[in-house]
$ cat final_6.txt   # compact mmCIF, C-alpha atoms and all ligand atoms
# COMPACT_ATOMS: atom_id res chain seq x y z
CA MET A 6 82.15 137.68 104.72
CA THR A 7 83.83 135.83 101.89
CA VAL A 8 87.17 134.15 101.43
CA THR A 9 89.95 136.52 100.36
CA GLN A 10 91.90 136.03 97.15
CA SER A 11 95.05 134.84 98.94
CA GLN A 12 93.07 132.40 101.12
CA ARG A 13 91.46 131.05 97.99
CA ARG A 14 94.87 130.58 96.39
CA ALA A 15 96.26 128.88 99.52
CA ASN A 16 93.29 126.51 99.56
CA LEU A 17 93.73 125.76 95.90
CA ILE A 18 97.40 124.90 96.41
CA ALA A 19 96.62 122.76 99.46
CA VAL A 20 94.02 120.82 97.47
CA ILE A 21 95.71 120.54 94.09
CA ALA A 22 99.41 120.18 95.00
CA PRO A 23 99.22 116.81 96.79
CA PHE A 24 97.07 115.47 93.96
CA VAL A 25 99.50 116.60 91.24
CA ILE A 26 102.49 115.29 93.21
CA PHE A 27 100.69 112.00 93.70
CA VAL A 28 99.99 111.55 89.99
CA VAL A 29 103.50 112.61 88.90
CA ALA A 30 105.17 110.41 91.53
CA THR A 31 103.08 107.39 90.55
CA VAL A 32 104.10 107.77 86.90
CA VAL A 33 107.79 108.52 87.54
CA PHE A 34 108.40 105.89 90.20
CA TRP A 35 106.11 103.15 88.90
CA GLY A 36 107.59 99.74 89.68
CA SER A 37 110.43 100.95 91.89
CA PHE A 38 108.36 103.35 93.86
CA VAL A 39 107.44 102.15 97.26
CA ASP A 40 109.12 100.11 99.99
CA ALA A 41 108.40 99.13 103.59
CA THR A 42 109.83 102.37 105.01
CA ASP A 43 107.50 104.47 102.85
CA ILE A 44 104.46 102.48 103.92
CA PHE A 45 105.55 102.67 107.55
CA VAL A 46 105.86 106.49 107.55
CA PHE A 47 102.64 106.80 105.55
CA VAL A 48 100.67 104.82 108.14
CA LEU A 49 102.43 106.47 111.09
CA MET A 50 101.79 110.02 109.85
CA TYR A 51 98.26 109.11 108.75
CA LEU A 52 97.46 107.95 112.28
CA ILE A 53 99.14 110.92 114.00
CA ALA A 54 97.40 113.56 111.86
CA GLY A 55 94.19 111.49 111.66
CA PHE A 56 93.72 111.05 115.41
CA GLY A 57 94.74 114.71 115.75
CA ILE A 58 91.61 115.53 113.75
CA THR A 59 89.16 112.88 114.94
CA ILE A 60 90.05 112.82 118.64
CA GLY A 61 91.64 116.27 119.02
CA TYR A 62 89.93 118.74 116.67
CA HIS A 63 86.61 116.93 116.60
CA ARG A 64 85.64 114.90 119.66
CA LEU A 65 87.71 116.81 122.26
CA MET A 66 87.82 120.42 121.10
CA THR A 67 84.59 120.77 119.07
CA HIS A 68 82.27 118.61 121.15
CA ARG A 69 84.02 118.21 124.53
CA ALA A 70 83.19 114.51 124.50
CA PHE A 71 85.83 113.95 127.20
CA GLN A 72 88.36 115.89 129.23
CA SER A 73 92.11 115.62 129.34
CA TYR A 74 95.24 117.47 130.43
CA LYS A 75 96.01 120.74 128.64
CA THR A 76 99.31 119.33 127.37
CA ILE A 77 97.48 116.39 125.78
CA GLU A 78 94.94 118.78 124.20
CA TYR A 79 97.76 120.86 122.70
CA LEU A 80 99.53 117.76 121.38
CA PHE A 81 96.32 116.67 119.64
CA ALA A 82 95.85 120.20 118.24
CA ILE A 83 99.41 120.12 116.83
CA ALA A 84 98.90 116.61 115.41
CA GLY A 85 95.59 117.67 113.81
CA SER A 86 97.21 120.71 112.20
CA MET A 87 99.47 118.30 110.29
CA ALA A 88 96.40 117.03 108.42
CA VAL A 89 96.29 120.41 106.62
CA GLN A 90 92.58 120.94 107.12
CA GLY A 91 93.00 124.44 108.50
CA PRO A 92 94.03 125.87 111.87
CA VAL A 93 92.30 124.33 114.86
CA ILE A 94 90.08 127.26 115.92
CA ASP A 95 88.82 127.83 112.35
CA TRP A 96 88.08 124.13 111.94
CA VAL A 97 86.17 123.94 115.21
CA ALA A 98 84.12 127.07 114.41
CA ASP A 99 83.20 125.71 110.95
CA HIS A 100 82.27 122.34 112.39
CA ARG A 101 80.15 123.71 115.24
CA LYS A 102 78.32 125.80 112.63
CA HIS A 103 77.75 122.60 110.62
CA HIS A 104 76.06 121.00 113.64
CA ALA A 105 74.05 124.15 114.39
CA HIS A 106 72.65 124.30 110.82
CA SER A 107 72.94 120.70 109.56
CA ASP A 108 71.77 120.49 105.95
CA VAL A 109 69.91 123.83 106.11
CA GLU A 110 70.88 127.41 105.22
CA GLY A 111 74.08 128.32 107.09
CA ASP A 112 75.66 124.84 106.92
CA PRO A 113 79.17 125.50 105.50
CA HIS A 114 79.30 122.13 103.70
CA SER A 115 75.96 120.49 103.07
CA PRO A 116 75.38 118.61 99.79
CA HIS A 117 71.70 119.58 100.07
CA VAL A 118 71.72 123.38 100.49
CA ASP A 119 71.38 125.32 97.23
CA ALA A 120 71.84 122.11 95.21
CA GLY A 121 69.85 122.07 91.98
CA ASP A 122 67.40 119.44 90.80
CA GLY A 123 68.09 116.10 89.16
CA TRP A 124 71.33 114.15 89.08
CA LEU A 125 73.34 117.20 88.01
CA GLY A 126 72.09 119.09 91.06
CA SER A 127 72.99 116.14 93.29
CA LEU A 128 76.44 115.96 91.76
CA SER A 129 77.11 119.66 92.23
CA GLY A 130 75.81 119.44 95.82
CA LEU A 131 78.17 116.54 96.51
CA TYR A 132 81.09 118.43 94.97
CA HIS A 133 80.31 121.48 97.11
CA ALA A 134 80.19 119.35 100.29
CA HIS A 135 83.34 117.43 99.35
CA MET A 136 85.66 120.30 98.49
CA GLY A 137 83.89 123.18 96.74
CA TRP A 138 83.01 124.70 100.13
CA LEU A 139 86.72 125.11 100.86
CA PHE A 140 86.84 127.88 98.27
CA VAL A 141 83.73 129.63 99.50
CA ASN A 142 82.97 129.05 103.17
CA ASN A 143 86.09 127.54 104.73
CA GLY A 144 87.17 129.32 107.94
CA GLN A 145 84.37 131.88 107.65
CA ALA A 146 82.31 130.83 110.66
CA TRP A 147 82.45 133.57 113.20
CA ARG A 148 85.12 132.39 115.62
CA ARG A 149 83.93 134.64 118.47
CA LYS A 150 80.46 133.18 118.16
CA TYR A 151 81.25 129.52 117.53
CA ALA A 152 84.56 128.98 119.34
CA PRO A 153 84.86 131.59 122.13
CA ASP A 154 86.20 128.95 124.54
CA LEU A 155 89.11 128.16 122.22
CA MET A 156 89.76 131.85 121.52
CA GLU A 157 90.32 132.36 125.25
CA ASP A 158 93.01 129.69 125.33
CA LYS A 159 96.42 131.27 124.83
CA GLY A 160 98.10 127.98 123.92
CA LEU A 161 95.52 127.11 121.28
CA ARG A 162 95.71 130.61 119.81
CA LYS A 163 99.44 130.11 119.46
CA ILE A 164 99.00 126.73 117.76
CA ASN A 165 96.35 128.27 115.50
CA LYS A 166 98.71 131.08 114.50
CA ASN A 167 101.62 128.76 113.73
CA PHE A 168 99.54 126.46 111.54
CA ARG A 169 101.78 126.71 108.46
CA TRP A 170 104.92 125.80 110.44
CA ILE A 171 103.21 122.77 111.91
CA VAL A 172 102.19 121.71 108.39
CA LEU A 173 105.87 121.85 107.39
CA LEU A 174 106.78 119.91 110.50
CA GLY A 175 104.36 117.22 109.30
CA ILE A 176 106.50 116.80 106.19
CA PHE A 177 109.86 117.24 107.94
CA MET A 178 109.08 114.50 110.49
CA PRO A 179 108.76 111.68 107.92
CA PHE A 180 111.93 113.04 106.25
CA ILE A 181 113.87 112.61 109.51
CA ILE A 182 112.34 109.18 110.17
CA GLY A 183 113.22 108.11 106.60
CA LEU A 184 116.76 109.37 107.09
CA ALA A 185 117.10 107.48 110.37
CA ILE A 186 115.84 104.21 108.86
CA THR A 187 117.52 104.23 105.44
CA GLY A 188 120.55 106.44 106.12
CA THR A 189 120.23 107.98 102.64
CA ILE A 190 118.87 111.29 101.35
CA GLU A 191 116.88 109.44 98.67
CA GLY A 192 115.25 107.29 101.33
CA ALA A 193 114.50 110.37 103.41
CA LEU A 194 112.94 112.20 100.43
CA MET A 195 110.77 109.23 99.53
CA ALA A 196 109.62 108.96 103.15
CA ALA A 197 108.84 112.70 103.17
CA LEU A 198 106.79 112.22 99.98
CA TRP A 199 104.77 109.31 101.40
CA GLY A 200 104.43 110.74 104.90
CA GLY A 201 103.78 114.25 103.49
CA PRO A 202 101.85 115.06 100.29
CA ILE A 203 100.59 111.54 99.52
CA ARG A 204 99.34 111.04 103.08
CA ILE A 205 97.76 114.52 103.04
CA PHE A 206 96.02 113.74 99.73
CA PHE A 207 94.42 110.54 101.03
CA GLN A 208 93.48 112.07 104.35
CA HIS A 209 91.86 115.08 102.67
CA HIS A 210 89.56 112.96 100.57
CA VAL A 211 88.60 110.68 103.45
CA THR A 212 87.71 113.66 105.67
CA TRP A 213 85.82 115.44 102.90
CA SER A 214 83.91 112.24 102.24
CA ILE A 215 82.43 112.60 105.72
CA ASN A 216 80.94 115.94 104.62
CA SER A 217 79.75 114.71 101.23
CA ILE A 218 79.12 110.93 101.22
CA CYS A 219 78.06 110.76 104.90
CA HIS A 220 75.31 113.29 104.23
CA PHE A 221 74.08 111.52 101.12
CA PHE A 222 74.56 107.74 100.82
CA GLY A 223 74.36 105.18 103.60
CA ARG A 224 72.11 104.08 106.44
CA ARG A 225 70.13 105.90 109.13
CA ARG A 226 68.37 104.68 112.24
CA PHE A 227 67.82 107.61 114.60
CA ASP A 228 65.23 110.33 114.61
CA VAL A 229 67.32 113.31 113.48
CA ASP A 230 66.26 116.04 111.10
CA ASP A 231 69.38 116.28 108.91
CA HIS A 232 70.51 113.93 106.10
CA SER A 233 73.51 112.40 107.92
CA THR A 234 74.32 108.73 107.24
CA ASN A 235 76.45 105.84 108.51
CA VAL A 236 78.88 104.53 105.88
CA PHE A 237 80.57 101.27 106.89
CA TRP A 238 83.25 101.13 104.16
CA LEU A 239 84.73 104.43 105.32
CA ALA A 240 84.89 103.36 108.97
CA LEU A 241 88.51 102.17 108.93
CA PRO A 242 90.17 104.96 106.88
CA SER A 243 88.10 107.64 108.66
CA LEU A 244 89.13 106.21 112.03
CA GLY A 245 85.49 105.83 113.05
CA GLU A 246 84.14 109.17 111.82
CA SER A 247 81.94 107.67 109.10
CA TRP A 248 79.37 106.57 111.72
CA HIS A 249 78.34 110.12 111.07
CA HIS A 250 74.60 109.63 111.49
CA ASN A 251 75.23 108.26 115.00
CA HIS A 252 77.37 111.32 115.60
CA HIS A 253 74.62 113.74 114.53
CA ALA A 254 72.19 111.88 116.78
CA PHE A 255 74.56 112.12 119.77
CA PRO A 256 77.15 114.84 119.02
CA ARG A 257 78.74 114.69 122.48
CA SER A 258 79.36 110.96 122.41
CA ALA A 259 83.04 110.04 122.55
CA ALA A 260 82.20 106.94 120.50
CA HIS A 261 80.66 107.33 117.04
CA GLY A 262 80.48 103.58 116.48
CA LEU A 263 77.67 102.55 118.82
CA LYS A 264 77.38 98.83 118.05
CA TRP A 265 80.17 96.29 118.54
CA TRP A 266 80.59 95.88 114.79
CA GLU A 267 80.72 99.62 114.12
CA ILE A 268 84.53 99.83 114.12
CA ASP A 269 85.71 103.10 115.63
CA LEU A 270 89.48 103.28 116.19
CA SER A 271 89.22 106.79 117.68
CA ALA A 272 86.78 105.53 120.33
CA LEU A 273 89.16 102.66 121.11
CA LEU A 274 92.04 105.07 121.66
CA ILE A 275 89.89 107.32 123.88
CA LYS A 276 88.97 104.22 125.86
CA ALA A 277 92.66 103.38 126.27
CA MET A 278 93.28 106.96 127.38
CA ARG A 279 90.51 106.64 129.96
CA LEU A 280 91.88 103.36 131.29
CA THR A 281 95.34 104.91 131.67
CA GLY A 282 94.00 108.04 133.37
CA VAL A 283 94.78 110.42 130.49
CA ALA A 284 91.08 111.01 129.69
CA TRP A 285 88.15 111.43 132.08
CA ASN A 286 84.47 112.47 132.04
CA VAL A 287 84.15 110.47 128.82
CA THR A 288 80.60 110.91 127.46
CA LEU A 289 79.01 107.63 126.35
CA ILE A 290 75.41 107.00 125.36
CA SER A 291 73.50 104.31 127.25
CA ALA A 292 71.55 101.66 125.40
CA ASP A 293 68.31 103.15 126.77
CA ARG A 294 69.07 106.63 125.43
CA GLN A 295 69.93 105.13 122.04
CA LYS A 296 66.69 103.17 122.01
CA ALA A 297 64.65 106.25 122.91
CA LYS A 298 65.99 108.08 119.90
CA LEU A 299 65.44 105.30 117.36
CA ALA A 300 63.37 106.42 114.40
CA GLY A 301 59.93 104.94 115.03
CA PRO A 302 56.97 104.43 112.73
CA ALA A 303 56.28 108.17 113.10
CA ILE A 304 59.24 108.87 110.87
CA GLY A 305 57.97 106.48 108.24
CA LEU A 306 54.63 108.23 108.42
CA ARG A 307 56.25 111.60 107.96
CA GLU A 308 58.18 110.39 104.91
CA ASP A 309 54.99 108.87 103.49
CA LYS A 310 53.23 112.17 104.00
CA GLU A 311 56.05 114.00 102.23
CA LYS A 312 55.82 111.53 99.37
CA LEU A 313 52.08 112.05 99.14
CA ALA A 314 52.51 115.79 99.19
CA ALA A 315 55.16 115.71 96.49
ZN ZN B 1 77.64 116.18 109.37
ZN ZN B 2 80.82 116.83 114.93

$ encode --input "final_6.txt" --output "structure tokens" --more "lines below"
Ligand SMILES: [Zn+2]
Ligand SMILES: [Zn+2]
Amino acid sequence: MTVTQSQRRANLIAVIAPFVIFVVATVVFWGSFVDATDIFVFVLMYLIAGFGITIGYHRLMTHRAFQSYKTIEYLFAIAGSMAVQGPVIDWVADHRKHHAHSDVEGDPHSPHVDAGDGWLGSLSGLYHAHMGWLFVNNGQAWRRKYAPDLMEDKGLRKINKNFRWIVLLGIFMPFIIGLAITGTIEGALMAALWGGPIRIFFQHHVTWSINSICHFFGRRRFDVDDHSTNVFWLALPSLGESWHHNHHAFPRSAAHGLKWWEIDLSALLIKAMRLTGVAWNVTLISADRQKAKLAGPAIGLREDKEKLAA
């Protein structure tokens, strides 16, 4: 099953449009461009859509790392849709497939599958993982196989179906907030630009970096078979998702940052939700379980063997 022509076009627009708008806006408005309201709506919308993805789409709906009320789940699904990374059920199916086939045949966005040799091969693999896959594999995981639980949920099906309207809502909201703060149409439009396309542009590249950079550069410490890595400099903008190697080691963990210095804002919010009774059955990994999975000398031996064999 491949992506249809119209899906390909929609993906292309979703990827290119925010980038073009960003470049044009930077040139046109240079010097007089941005004020406190714009930054405020940018950050606000970034956090709403961002936590919608990291806590809602990913940790709650893909991995069931904790439980919550249905209403809360739907709110997170709506918030995540505003990140314009595809409808919730498609996203979850793709991501579960990624975990089922990490960095081997069948992984929708691995930088290592079918990548050629040398630095050119690495580069093309990274491009495929970052955004090339969106034009080939995006939304193609079999939903009935990978997300039957979500398919059974009437509310989620509805949210999935209305994806494009929620995307528009994600641009309309900053417009209204801008209007309320500045009282002018210009102010509202600028807020819509910062809270809409510019925010979407940044968020896209941060999320895609998890698929590309966090399967390529960075540090590892657990005994897992894929190429996932922890990347500290992406921790803040990715709201904790760049502790991606930890996540592949313990996919059900509600926290991806496992050490005190591994900043994970999504885990902090889930903790706050647990303390206020909004989240329960939160899966956390004990120090003993982490220790048991640490890559021991056996791993080093295996790598040495591979080197010898090469
Ligand atoms: Zn991964
Ligand atoms: Zn995951």

$ residues_near_ligand --input "final_6.txt" --ligand "ligand ZN 1 (chain B)" --cutoff "9 Å" --atoms "only C-alpha atoms and all ligand atoms" --output "ChimeraX atom specification"
/A:100,103-104,107-108,114-115,215-217,219-220,231-234,249-250,252-253

$ residues_near_ligand --input "final_6.txt" --ligand "ligand ZN 2 (chain B)" --cutoff "12 Å" --atoms "all atoms listed in the file" --output "PyMOL selection string"
chain A and resi 58-70+96-107+212+215-216+233+246-261

$ closest_residue --input "final_6.txt" --among "A:Ala272, A:Ile176, A:Leu49, A:Ile203" --to "A:Ser86" --atoms "only C-alpha atoms"
A:Ile176

$ closest_residue --input "final_6.txt" --among "A:Ile94, A:Val28, A:Ile44, A:Leu239" --to "A:Tyr151" --atoms "only C-alpha atoms"
A:Ile94

$ residues_around --input "final_6.txt" --residues "A:Gln208" --least-positions-apart "3" --cutoff "8 Å" --atoms "all atoms listed in the file" --output "list in words"
Tyr51, Gly55, Ala88, Arg204, Ile205, Val211 and Thr212 of chain A

$ closest_residue --input "final_6.txt" --among "A:Ala240, A:Gln72, A:Gly126, A:Ile171" --to "A:Trp285" --atoms "only C-alpha atoms"
A:Gln72

$ residues_around --input "final_6.txt" --residues "A:Gly282" --least-positions-apart "6" --cutoff "10 Å" --atoms "all atoms listed in the file" --output "compact mmCIF listing (two decimals) with C-alpha atoms, in the coordinates of the input"
# COMPACT_ATOMS: atom_id res chain seq x y z
CA SER A 73 92.11 115.62 129.34
CA TYR A 74 95.24 117.47 130.43
CA LYS A 276 88.97 104.22 125.86

$ axis_aligned_box --input "final_6.txt" --around "stretch 192-208 of chain A" --padding-each-side "8 Å" --output "AutoDock Vina command-line options"
--center_x 104.4 --center_y 111.2 --center_z 102.2 --size_x 37.8 --size_y 23.8 --size_z 21.4

$ closest_residue --input "final_6.txt" --among "A:Val29, A:Phe81, A:Tyr132, A:Leu194" --to "A:Pro179" --atoms "all atoms listed in the file"
A:Leu194

$ decode --input "final_6.txt" --residues "stretch 266-310 of chain A" --atoms "C-alpha atoms" --output "PDB file, in the first residue's frame"
ATOM      1  CA  TRP A 266      19.422  15.540  35.110  1.00  0.00           C
ATOM      2  CA  GLU A 267      17.562  14.049  32.139  1.00  0.00           C
ATOM      3  CA  ILE A 268      15.036  16.886  31.864  1.00  0.00           C
ATOM      4  CA  ASP A 269      11.638  15.593  30.806  1.00  0.00           C
ATOM      5  CA  LEU A 270       8.857  18.195  30.976  1.00  0.00           C
ATOM      6  CA  SER A 271       6.247  15.670  29.796  1.00  0.00           C
ATOM      7  CA  ALA A 272       7.102  13.358  32.705  1.00  0.00           C
ATOM      8  CA  LEU A 273       6.817  16.311  35.094  1.00  0.00           C
ATOM      9  CA  LEU A 274       3.338  17.133  33.819  1.00  0.00           C
ATOM     10  CA  ILE A 275       2.256  13.473  34.089  1.00  0.00           C
ATOM     11  CA  LYS A 276       3.548  13.521  37.655  1.00  0.00           C
ATOM     12  CA  ALA A 277       1.480  16.629  38.370  1.00  0.00           C
ATOM     13  CA  MET A 278      -1.532  14.895  36.832  1.00  0.00           C
ATOM     14  CA  ARG A 279      -0.960  11.892  39.090  1.00  0.00           C
ATOM     15  CA  LEU A 280      -0.660  14.057  42.195  1.00  0.00           C
ATOM     16  CA  THR A 281      -3.932  15.817  41.342  1.00  0.00           C
ATOM     17  CA  GLY A 282      -5.753  12.555  40.606  1.00  0.00           C
ATOM     18  CA  VAL A 283      -6.081  13.114  36.844  1.00  0.00           C
ATOM     19  CA  ALA A 284      -3.656  10.275  35.999  1.00  0.00           C
ATOM     20  CA  TRP A 285      -3.306   6.855  37.624  1.00  0.00           C
ATOM     21  CA  ASN A 286      -1.545   3.513  37.042  1.00  0.00           C
ATOM     22  CA  VAL A 287       1.491   5.520  35.949  1.00  0.00           C
ATOM     23  CA  THR A 288       4.200   3.092  34.766  1.00  0.00           C
ATOM     24  CA  LEU A 289       7.654   3.926  36.145  1.00  0.00           C
ATOM     25  CA  ILE A 290      10.808   1.839  35.951  1.00  0.00           C
ATOM     26  CA  SER A 291      12.545   0.950  39.212  1.00  0.00           C
ATOM     27  CA  ALA A 292      16.266   1.494  39.631  1.00  0.00           C
ATOM     28  CA  ASP A 293      16.739  -2.297  39.801  1.00  0.00           C
ATOM     29  CA  ARG A 294      14.996  -2.906  36.484  1.00  0.00           C
ATOM     30  CA  GLN A 295      17.087  -0.163  34.881  1.00  0.00           C
ATOM     31  CA  LYS A 296      20.262  -1.680  36.274  1.00  0.00           C
ATOM     32  CA  ALA A 297      19.336  -5.139  34.996  1.00  0.00           C
ATOM     33  CA  LYS A 298      19.028  -3.820  31.477  1.00  0.00           C
ATOM     34  CA  LEU A 299      22.297  -1.869  31.410  1.00  0.00           C
ATOM     35  CA  ALA A 300      24.529  -2.855  28.529  1.00  0.00           C
ATOM     36  CA  GLY A 301      27.208  -5.040  30.099  1.00  0.00           C
ATOM     37  CA  PRO A 302      30.587  -6.163  28.813  1.00  0.00           C
ATOM     38  CA  ALA A 303      28.707  -8.698  26.660  1.00  0.00           C
ATOM     39  CA  ILE A 304      27.606  -5.873  24.406  1.00  0.00           C
ATOM     40  CA  GLY A 305      31.151  -4.638  24.046  1.00  0.00           C
ATOM     41  CA  LEU A 306      32.182  -8.160  23.160  1.00  0.00           C
ATOM     42  CA  ARG A 307      29.482  -8.393  20.533  1.00  0.00           C
ATOM     43  CA  GLU A 308      30.555  -5.097  18.972  1.00  0.00           C
ATOM     44  CA  ASP A 309      34.184  -6.247  19.013  1.00  0.00           C
ATOM     45  CA  LYS A 310      33.151  -9.448  17.300  1.00  0.00           C
TER      46      LYS A 310
END
